[in-house]
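Enquirer: Sharing a structure with you now.
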Amino acid sequence: MNEPLITIKTFYYDSETMLYEPRFKDAGLYYFLKDQKRVSADPVVSNAIGGIKLQVREKDLEAAKAILKGIDDNRVESDFGKEVQIKGKDYEGTLKECPNCGNEDTYLEKLGFWKSLSNKPKHYCKACDTEF
Ligand SMILES: [Zn+2]
């Protein structure tokens, strides 16, 4: 294929692509993750080579941008990585699926050092108020 590809997004970790790849597959859009193999084999080089590049064909550019926008708009509402307090306990936003309702926007309890020696941190689902 000689069609030039355009980089529309870069990722520093291979795991980040998991959020995007299925959407492009679902949409039937041709895409290429440049340097993905290099980064997943050796994450340290990611910075040096500018990360993994998500590339699409020029004619798919608008469709690809729309997909990215859809994903990023959703992410704004996500508390992933954020520290929050719920019922007086400290939590950090995570993406573990709730066994009760299937919601993926869940929280992981942050235990202090001493507490973490004797307790396993629990997950909390804000959608259905379940601890697991
Ligand atoms: Zn739930």
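If you're wondering about the labels, chains in the structure tokens are A, B, ... by order shown, residues count from 1 in each chain, ligands from 1 in order shown.
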Name the residues of stretch 71-131 of chain A that come out as helix (DSSP H, G or I) in a backbone DSSP run; write them as a list in words.
Expert: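 Checking each residue of stretch 71-131 of chain A, the helix (DSSP H, G or I) ones are Ile71, Asp72, Asp73, Asn74, Arg75, Val76, Glu77, Phe113, Trp114, Lys115, Ser116, Leu117 and Ser118 of chain A.
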Enquirer: Write the residues of the preceding selection, restricted to N, CA, C and O atoms, as a PDB file, in the first residue's frame.
Expert:
```
ATOM      1  N   ILE A  71     -14.246   9.182  22.028  1.00  0.00           N
ATOM      2  CA  ILE A  71     -13.554   8.526  23.137  1.00  0.00           C
ATOM      3  C   ILE A  71     -13.106   9.558  24.169  1.00  0.00           C
ATOM      4  O   ILE A  71     -13.308   9.384  25.364  1.00  0.00           O
ATOM      5  N   ASP A  72     -12.514  10.646  23.700  1.00  0.00           N
ATOM      6  CA  ASP A  72     -11.999  11.642  24.630  1.00  0.00           C
ATOM      7  C   ASP A  72     -13.121  12.337  25.399  1.00  0.00           C
ATOM      8  O   ASP A  72     -12.968  12.652  26.569  1.00  0.00           O
ATOM      9  N   ASP A  73     -14.262  12.540  24.742  1.00  0.00           N
ATOM     10  CA  ASP A  73     -15.399  13.149  25.438  1.00  0.00           C
ATOM     11  C   ASP A  73     -15.849  12.260  26.587  1.00  0.00           C
ATOM     12  O   ASP A  73     -16.205  12.734  27.654  1.00  0.00           O
ATOM     13  N   ASN A  74     -15.841  10.955  26.323  1.00  0.00           N
ATOM     14  CA  ASN A  74     -16.223  10.010  27.364  1.00  0.00           C
ATOM     15  C   ASN A  74     -15.247  10.009  28.518  1.00  0.00           C
ATOM     16  O   ASN A  74     -15.619   9.831  29.661  1.00  0.00           O
ATOM     17  N   ARG A  75     -13.999  10.165  28.167  1.00  0.00           N
ATOM     18  CA  ARG A  75     -12.950  10.067  29.180  1.00  0.00           C
ATOM     19  C   ARG A  75     -13.009  11.207  30.174  1.00  0.00           C
ATOM     20  O   ARG A  75     -12.577  11.063  31.304  1.00  0.00           O
ATOM     21  N   VAL A  76     -13.514  12.357  29.738  1.00  0.00           N
ATOM     22  CA  VAL A  76     -13.583  13.512  30.621  1.00  0.00           C
ATOM     23  C   VAL A  76     -14.409  13.172  31.853  1.00  0.00           C
ATOM     24  O   VAL A  76     -14.105  13.605  32.955  1.00  0.00           O
ATOM     25  N   GLU A  77     -15.437  12.343  31.640  1.00  0.00           N
ATOM     26  CA  GLU A  77     -16.298  11.989  32.763  1.00  0.00           C
ATOM     27  C   GLU A  77     -15.689  10.914  33.653  1.00  0.00           C
ATOM     28  O   GLU A  77     -16.154  10.668  34.744  1.00  0.00           O
ATOM     29  N   PHE A 113       0.159   2.870  54.803  1.00  0.00           N
ATOM     30  CA  PHE A 113       1.151   1.796  54.886  1.00  0.00           C
ATOM     31  C   PHE A 113       0.779   0.724  55.915  1.00  0.00           C
ATOM     32  O   PHE A 113       0.767  -0.465  55.631  1.00  0.00           O
ATOM     33  N   TRP A 114       0.454   1.144  57.140  1.00  0.00           N
ATOM     34  CA  TRP A 114       0.180   0.172  58.194  1.00  0.00           C
ATOM     35  C   TRP A 114      -1.086  -0.625  57.905  1.00  0.00           C
ATOM     36  O   TRP A 114      -1.135  -1.819  58.136  1.00  0.00           O
ATOM     37  N   LYS A 115      -2.086   0.077  57.408  1.00  0.00           N
ATOM     38  CA  LYS A 115      -3.338  -0.610  57.082  1.00  0.00           C
ATOM     39  C   LYS A 115      -3.144  -1.620  55.962  1.00  0.00           C
ATOM     40  O   LYS A 115      -3.755  -2.690  55.944  1.00  0.00           O
ATOM     41  N   SER A 116      -2.280  -1.282  55.026  1.00  0.00           N
ATOM     42  CA  SER A 116      -2.103  -2.158  53.865  1.00  0.00           C
ATOM     43  C   SER A 116      -1.395  -3.458  54.243  1.00  0.00           C
ATOM     44  O   SER A 116      -1.400  -4.422  53.499  1.00  0.00           O
ATOM     45  N   LEU A 117      -0.759  -3.493  55.421  1.00  0.00           N
ATOM     46  CA  LEU A 117      -0.088  -4.721  55.854  1.00  0.00           C
ATOM     47  C   LEU A 117      -1.104  -5.795  56.237  1.00  0.00           C
ATOM     48  O   LEU A 117      -0.849  -6.984  56.075  1.00  0.00           O
ATOM     49  N   SER A 118      -2.242  -5.354  56.742  1.00  0.00           N
ATOM     50  CA  SER A 118      -3.212  -6.340  57.230  1.00  0.00           C
ATOM     51  C   SER A 118      -4.521  -6.329  56.450  1.00  0.00           C
ATOM     52  O   SER A 118      -5.380  -7.174  56.648  1.00  0.00           O
TER      53      SER A 118
END
```
Enquirer: Using only C-alpha atoms and all ligand atoms, tabulate the residues of chain A lying at most 8 Å from any atom of ligand 1, each with its closest atom pair and that distance in Å to one decimal, by chain and increasing residue number, as CSV.
Expert:
```
residue,atom,partner,partner_atom_place_in_ligand_line,distance
A:Glu97,CA,ligand 1,1 (Zn),7.9
A:Cys98,CA,ligand 1,1 (Zn),4.6
A:Pro99,CA,ligand 1,1 (Zn),6.6
A:Asn100,CA,ligand 1,1 (Zn),4.9
A:Cys101,CA,ligand 1,1 (Zn),4.1
A:Gly102,CA,ligand 1,1 (Zn),5.9
A:Asn103,CA,ligand 1,1 (Zn),5.4
A:Thr106,CA,ligand 1,1 (Zn),7.8
A:Tyr124,CA,ligand 1,1 (Zn),7.8
A:Cys125,CA,ligand 1,1 (Zn),4.6
A:Lys126,CA,ligand 1,1 (Zn),6.6
A:Ala127,CA,ligand 1,1 (Zn),5.1
A:Cys128,CA,ligand 1,1 (Zn),4.2
A:Asp129,CA,ligand 1,1 (Zn),6.3
A:Thr130,CA,ligand 1,1 (Zn),5.7
```
Enquirer: Pull N, CA, C and O atoms from the residues just selected and write them as a CSV table (one decimal), in the first residue's frame.
Expert:
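New file result_9.csv:
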```csv
chain,number,residue,atom,x,y,z
A,97,GLU,N,-13.9,-3.8,36.3
A,97,GLU,CA,-15.3,-3.9,36.1
A,97,GLU,C,-16.0,-4.4,37.4
A,97,GLU,O,-15.6,-5.3,38.1
A,98,CYS,N,-17.1,-3.7,37.7
A,98,CYS,CA,-17.9,-4.1,38.8
A,98,CYS,C,-18.6,-5.4,38.6
A,98,CYS,O,-19.3,-5.5,37.6
A,99,PRO,N,-18.5,-6.4,39.5
A,99,PRO,CA,-19.1,-7.7,39.3
A,99,PRO,C,-20.6,-7.6,39.4
A,99,PRO,O,-21.3,-8.5,38.9
A,100,ASN,N,-21.1,-6.6,40.0
A,100,ASN,CA,-22.5,-6.4,40.2
A,100,ASN,C,-23.3,-5.8,39.0
A,100,ASN,O,-24.3,-6.4,38.6
A,101,CYS,N,-22.7,-4.7,38.5
A,101,CYS,CA,-23.5,-4.0,37.4
A,101,CYS,C,-22.7,-3.9,36.1
A,101,CYS,O,-23.2,-3.4,35.1
A,102,GLY,N,-21.4,-4.3,36.1
A,102,GLY,CA,-20.6,-4.2,34.9
A,102,GLY,C,-20.0,-2.8,34.6
A,102,GLY,O,-19.3,-2.7,33.6
A,103,ASN,N,-20.3,-1.8,35.5
A,103,ASN,CA,-19.7,-0.5,35.3
A,103,ASN,C,-18.2,-0.6,35.4
A,103,ASN,O,-17.6,-1.3,36.3
A,106,THR,N,-14.7,2.5,38.3
A,106,THR,CA,-14.8,2.1,39.8
A,106,THR,C,-13.6,2.7,40.5
A,106,THR,O,-12.7,3.3,39.9
A,124,TYR,N,-14.6,-0.1,44.9
A,124,TYR,CA,-16.0,0.5,45.2
A,124,TYR,C,-16.6,1.0,43.9
A,124,TYR,O,-15.9,1.6,43.0
A,125,CYS,N,-17.8,0.6,43.6
A,125,CYS,CA,-18.5,1.0,42.4
A,125,CYS,C,-19.5,2.1,42.8
A,125,CYS,O,-20.4,1.9,43.6
A,126,LYS,N,-19.3,3.3,42.2
A,126,LYS,CA,-20.2,4.4,42.5
A,126,LYS,C,-21.6,4.2,41.8
A,126,LYS,O,-22.5,4.9,42.2
A,127,ALA,N,-21.6,3.4,40.8
A,127,ALA,CA,-22.9,3.3,40.0
A,127,ALA,C,-23.9,2.5,40.8
A,127,ALA,O,-25.1,2.8,40.8
A,128,CYS,N,-23.5,1.5,41.5
A,128,CYS,CA,-24.4,0.7,42.3
A,128,CYS,C,-24.1,0.6,43.8
A,128,CYS,O,-24.7,-0.2,44.5
A,129,ASP,N,-23.1,1.3,44.2
A,129,ASP,CA,-22.8,1.4,45.6
A,129,ASP,C,-22.3,0.1,46.2
A,129,ASP,O,-22.5,-0.2,47.4
A,130,THR,N,-21.6,-0.7,45.4
A,130,THR,CA,-21.1,-2.0,45.8
A,130,THR,C,-19.6,-2.0,46.2
A,130,THR,O,-18.9,-1.4,45.4
```
Enquirer: If you measure from atom CA of A:Ala64 to atom CA of A:Pro22, what distance in Å do you get, rounded to one decimal?
Expert: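 Here the two named atoms are 12.5 Å from each other.
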Enquirer: Quick one: DSSP strand (DSSP E) residues in chain A, as a PyMOL selection string?
Expert: chain A and resi 5-11+31-34+52-57+83-86+89-94+106-109+123-125+130-131
Enquirer: Only N, CA, C and O atoms, please: the residues just picked out, written as a short mmCIF file (atom, residue, chain, number, x, y, z; two decimals), in the first residue's frame.
Expert:
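Contents of part31.cif, as written:
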```
data_model
loop_
_atom_site.label_atom_id
_atom_site.label_comp_id
_atom_site.auth_asym_id
_atom_site.auth_seq_id
_atom_site.Cartn_x
_atom_site.Cartn_y
_atom_site.Cartn_z
N LEU A 5 0.13 7.60 5.32
CA LEU A 5 -0.65 7.54 6.55
C LEU A 5 -0.37 8.78 7.39
O LEU A 5 0.72 9.34 7.37
N ILE A 6 -1.39 9.19 8.09
CA ILE A 6 -1.27 10.39 8.92
C ILE A 6 -1.39 10.01 10.39
O ILE A 6 -2.30 9.27 10.77
N THR A 7 -0.45 10.52 11.18
CA THR A 7 -0.50 10.24 12.62
C THR A 7 -1.54 11.14 13.27
O THR A 7 -1.49 12.36 13.14
N ILE A 8 -2.52 10.54 13.95
CA ILE A 8 -3.55 11.37 14.59
C ILE A 8 -3.47 11.33 16.11
O ILE A 8 -4.09 12.14 16.78
N LYS A 9 -2.71 10.39 16.64
CA LYS A 9 -2.55 10.35 18.09
C LYS A 9 -1.32 9.54 18.44
O LYS A 9 -0.95 8.63 17.72
N THR A 10 -0.67 9.89 19.54
CA THR A 10 0.46 9.09 20.00
C THR A 10 0.20 8.59 21.42
O THR A 10 -0.50 9.23 22.20
N PHE A 11 0.74 7.41 21.69
CA PHE A 11 0.57 6.80 23.02
C PHE A 11 1.94 6.48 23.58
O PHE A 11 2.82 6.03 22.85
N TYR A 31 -6.30 1.24 10.16
CA TYR A 31 -5.40 2.03 11.01
C TYR A 31 -4.11 1.25 11.19
O TYR A 31 -4.05 0.05 10.95
N PHE A 32 -3.08 1.94 11.61
CA PHE A 32 -1.80 1.30 11.84
C PHE A 32 -1.20 1.89 13.11
O PHE A 32 -1.23 3.10 13.32
N LEU A 33 -0.70 1.01 13.96
CA LEU A 33 -0.04 1.48 15.18
C LEU A 33 1.46 1.36 14.99
O LEU A 33 2.05 0.31 15.21
N LYS A 34 2.04 2.46 14.56
CA LYS A 34 3.47 2.46 14.25
C LYS A 34 4.30 2.37 15.54
O LYS A 34 3.99 3.05 16.52
N ILE A 52 3.93 5.35 20.53
CA ILE A 52 3.24 4.59 19.48
C ILE A 52 2.37 5.57 18.71
O ILE A 52 1.64 6.36 19.30
N LYS A 53 2.46 5.52 17.37
CA LYS A 53 1.68 6.46 16.57
C LYS A 53 0.45 5.75 15.99
O LYS A 53 0.60 4.75 15.29
N LEU A 54 -0.69 6.29 16.26
CA LEU A 54 -1.91 5.79 15.63
C LEU A 54 -2.06 6.53 14.30
O LEU A 54 -2.19 7.74 14.25
N GLN A 55 -2.02 5.75 13.21
CA GLN A 55 -2.04 6.36 11.89
C GLN A 55 -3.24 5.86 11.08
O GLN A 55 -3.63 4.70 11.19
N VAL A 56 -3.78 6.77 10.29
CA VAL A 56 -4.90 6.41 9.42
C VAL A 56 -4.65 6.98 8.02
O VAL A 56 -3.79 7.83 7.84
N ARG A 57 -5.44 6.50 7.06
CA ARG A 57 -5.34 7.05 5.71
C ARG A 57 -5.98 8.43 5.68
O ARG A 57 -6.93 8.70 6.43
N GLU A 83 -7.87 10.96 42.61
CA GLU A 83 -8.05 10.60 44.01
C GLU A 83 -9.33 11.23 44.52
O GLU A 83 -9.58 12.41 44.32
N VAL A 84 -10.16 10.41 45.12
CA VAL A 84 -11.44 10.91 45.62
C VAL A 84 -11.68 10.37 47.02
O VAL A 84 -11.10 9.37 47.44
N GLN A 85 -12.55 11.05 47.75
CA GLN A 85 -12.97 10.58 49.07
C GLN A 85 -14.42 10.15 49.00
O GLN A 85 -15.27 10.90 48.52
N ILE A 86 -14.68 8.92 49.44
CA ILE A 86 -16.05 8.44 49.49
C ILE A 86 -16.29 7.90 50.90
O ILE A 86 -15.54 7.05 51.37
N LYS A 89 -13.34 7.62 53.21
CA LYS A 89 -12.16 6.83 52.84
C LYS A 89 -11.56 7.35 51.55
O LYS A 89 -12.25 7.92 50.71
N ASP A 90 -10.26 7.15 51.41
CA ASP A 90 -9.57 7.60 50.21
C ASP A 90 -9.59 6.52 49.14
O ASP A 90 -9.31 5.36 49.40
N TYR A 91 -9.91 6.95 47.92
CA TYR A 91 -9.93 6.03 46.79
C TYR A 91 -9.22 6.64 45.60
O TYR A 91 -9.08 7.85 45.51
N GLU A 92 -8.83 5.76 44.70
CA GLU A 92 -8.28 6.22 43.44
C GLU A 92 -9.09 5.62 42.31
O GLU A 92 -9.41 4.43 42.35
N GLY A 93 -9.42 6.42 41.32
CA GLY A 93 -10.22 5.93 40.21
C GLY A 93 -9.49 4.85 39.43
O GLY A 93 -8.32 4.96 39.15
N THR A 94 -10.22 3.78 39.09
CA THR A 94 -9.61 2.70 38.33
C THR A 94 -10.60 2.21 37.29
O THR A 94 -11.66 2.83 37.11
N THR A 106 -14.71 2.46 38.35
CA THR A 106 -14.76 2.09 39.76
C THR A 106 -13.56 2.68 40.51
O THR A 106 -12.68 3.28 39.90
N TYR A 107 -13.54 2.47 41.80
CA TYR A 107 -12.49 3.06 42.63
C TYR A 107 -11.77 1.99 43.44
O TYR A 107 -12.36 1.01 43.86
N LEU A 108 -10.50 2.21 43.64
CA LEU A 108 -9.70 1.31 44.46
C LEU A 108 -9.31 2.05 45.74
O LEU A 108 -8.79 3.16 45.69
N GLU A 109 -9.58 1.39 46.86
CA GLU A 109 -9.30 2.00 48.16
C GLU A 109 -7.80 2.24 48.32
O GLU A 109 -6.98 1.41 47.96
N HIS A 123 -12.44 -2.54 46.17
CA HIS A 123 -12.94 -1.71 45.10
C HIS A 123 -14.32 -1.19 45.47
O HIS A 123 -15.04 -1.83 46.24
N TYR A 124 -14.64 -0.05 44.92
CA TYR A 124 -15.95 0.52 45.18
C TYR A 124 -16.57 0.96 43.86
O TYR A 124 -15.91 1.57 43.02
N CYS A 125 -17.82 0.61 43.65
CA CYS A 125 -18.53 1.01 42.44
C CYS A 125 -19.51 2.11 42.79
O CYS A 125 -20.40 1.91 43.61
N THR A 130 -21.60 -0.72 45.38
CA THR A 130 -21.12 -2.02 45.84
C THR A 130 -19.63 -1.98 46.15
O THR A 130 -18.86 -1.36 45.43
N GLU A 131 -19.24 -2.65 47.23
CA GLU A 131 -17.83 -2.85 47.51
C GLU A 131 -17.47 -4.27 47.10
O GLU A 131 -18.23 -5.20 47.34
#
```
Enquirer: For A:Asp42, work out the shell of residues within 12 Å, counting only C-alpha atoms and skipping chain neighbours fewer than 3 positions away, then give it as a PyMOL selection string.
Expert: chain A and resi 12-14+35-39+45-49+51-52
Enquirer: Next, the residues of the selection above should be written as a JSON list (two decimals), in the first residue's frame with N, CA, C and O atoms.
Expert:
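As a result, selection-v7.json now contains:
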```json
[["chain", "number", "residue", "atom", "x", "y", "z"],
["A", 12, "TYR", "N", 2.11, 6.65, 24.87],
["A", 12, "TYR", "CA", 3.39, 6.30, 25.46],
["A", 12, "TYR", "C", 3.39, 4.89, 26.05],
["A", 12, "TYR", "O", 4.44, 4.33, 26.30],
["A", 13, "TYR", "N", 2.20, 4.34, 26.25],
["A", 13, "TYR", "CA", 2.14, 2.97, 26.74],
["A", 13, "TYR", "C", 1.26, 2.14, 25.81],
["A", 13, "TYR", "O", 0.23, 2.61, 25.34],
["A", 14, "ASP", "N", 1.67, 0.93, 25.60],
["A", 14, "ASP", "CA", 0.93, 0.01, 24.76],
["A", 14, "ASP", "C", -0.50, -0.15, 25.27],
["A", 14, "ASP", "O", -1.45, -0.24, 24.50],
["A", 35, "ASP", "N", 5.29, 1.53, 15.50],
["A", 35, "ASP", "CA", 6.22, 1.32, 16.63],
["A", 35, "ASP", "C", 5.59, 0.62, 17.83],
["A", 35, "ASP", "O", 6.18, 0.58, 18.90],
["A", 36, "GLN", "N", 4.39, 0.08, 17.66],
["A", 36, "GLN", "CA", 3.75, -0.62, 18.78],
["A", 36, "GLN", "C", 4.60, -1.78, 19.28],
["A", 36, "GLN", "O", 4.75, -1.98, 20.48],
["A", 37, "LYS", "N", 5.15, -2.53, 18.34],
["A", 37, "LYS", "CA", 5.94, -3.71, 18.75],
["A", 37, "LYS", "C", 7.18, -3.29, 19.50],
["A", 37, "LYS", "O", 7.57, -3.92, 20.48],
["A", 38, "ARG", "N", 7.81, -2.22, 19.04],
["A", 38, "ARG", "CA", 9.03, -1.76, 19.71],
["A", 38, "ARG", "C", 8.72, -1.30, 21.13],
["A", 38, "ARG", "O", 9.46, -1.58, 22.06],
["A", 39, "VAL", "N", 7.63, -0.56, 21.29],
["A", 39, "VAL", "CA", 7.29, -0.02, 22.60],
["A", 39, "VAL", "C", 6.85, -1.14, 23.55],
["A", 39, "VAL", "O", 7.22, -1.16, 24.72],
["A", 45, "VAL", "N", 12.00, 2.71, 25.58],
["A", 45, "VAL", "CA", 12.34, 3.44, 24.35],
["A", 45, "VAL", "C", 11.18, 4.35, 23.89],
["A", 45, "VAL", "O", 11.35, 5.20, 23.02],
["A", 46, "SER", "N", 10.02, 4.17, 24.50],
["A", 46, "SER", "CA", 8.83, 4.89, 24.04],
["A", 46, "SER", "C", 9.06, 6.39, 23.90],
["A", 46, "SER", "O", 8.75, 7.00, 22.89],
["A", 47, "ASN", "N", 9.61, 6.98, 24.96],
["A", 47, "ASN", "CA", 9.87, 8.41, 24.95],
["A", 47, "ASN", "C", 10.82, 8.81, 23.85],
["A", 47, "ASN", "O", 10.61, 9.80, 23.14],
["A", 48, "ALA", "N", 11.87, 8.04, 23.68],
["A", 48, "ALA", "CA", 12.92, 8.36, 22.73],
["A", 48, "ALA", "C", 12.41, 8.34, 21.29],
["A", 48, "ALA", "O", 12.82, 9.15, 20.46],
["A", 49, "ILE", "N", 11.49, 7.43, 21.00],
["A", 49, "ILE", "CA", 11.03, 7.33, 19.61],
["A", 49, "ILE", "C", 9.69, 8.02, 19.40],
["A", 49, "ILE", "O", 9.07, 7.91, 18.36],
["A", 51, "GLY", "N", 6.82, 7.53, 21.13],
["A", 51, "GLY", "CA", 5.64, 6.74, 21.46],
["A", 51, "GLY", "C", 5.10, 5.94, 20.29],
["A", 51, "GLY", "O", 5.70, 5.87, 19.22],
["A", 52, "ILE", "N", 3.93, 5.35, 20.53],
["A", 52, "ILE", "CA", 3.24, 4.59, 19.48],
["A", 52, "ILE", "C", 2.37, 5.57, 18.71],
["A", 52, "ILE", "O", 1.64, 6.36, 19.30]]
```
Enquirer: When you count only C-alpha atoms, which of these residues is closest to A:Ala63: A:Phe24, A:Pro43, A:Asp79, A:Gly88?
Expert: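 With only C-alpha atoms as the atom set, the closest residue is A:Phe24.
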Enquirer: Restricting the calculation to only C-alpha atoms, which member of A:Lys110, A:Arg23, A:Lys69, A:Lys82 is positioned closest to A:Leu95?
Expert: A:Lys82
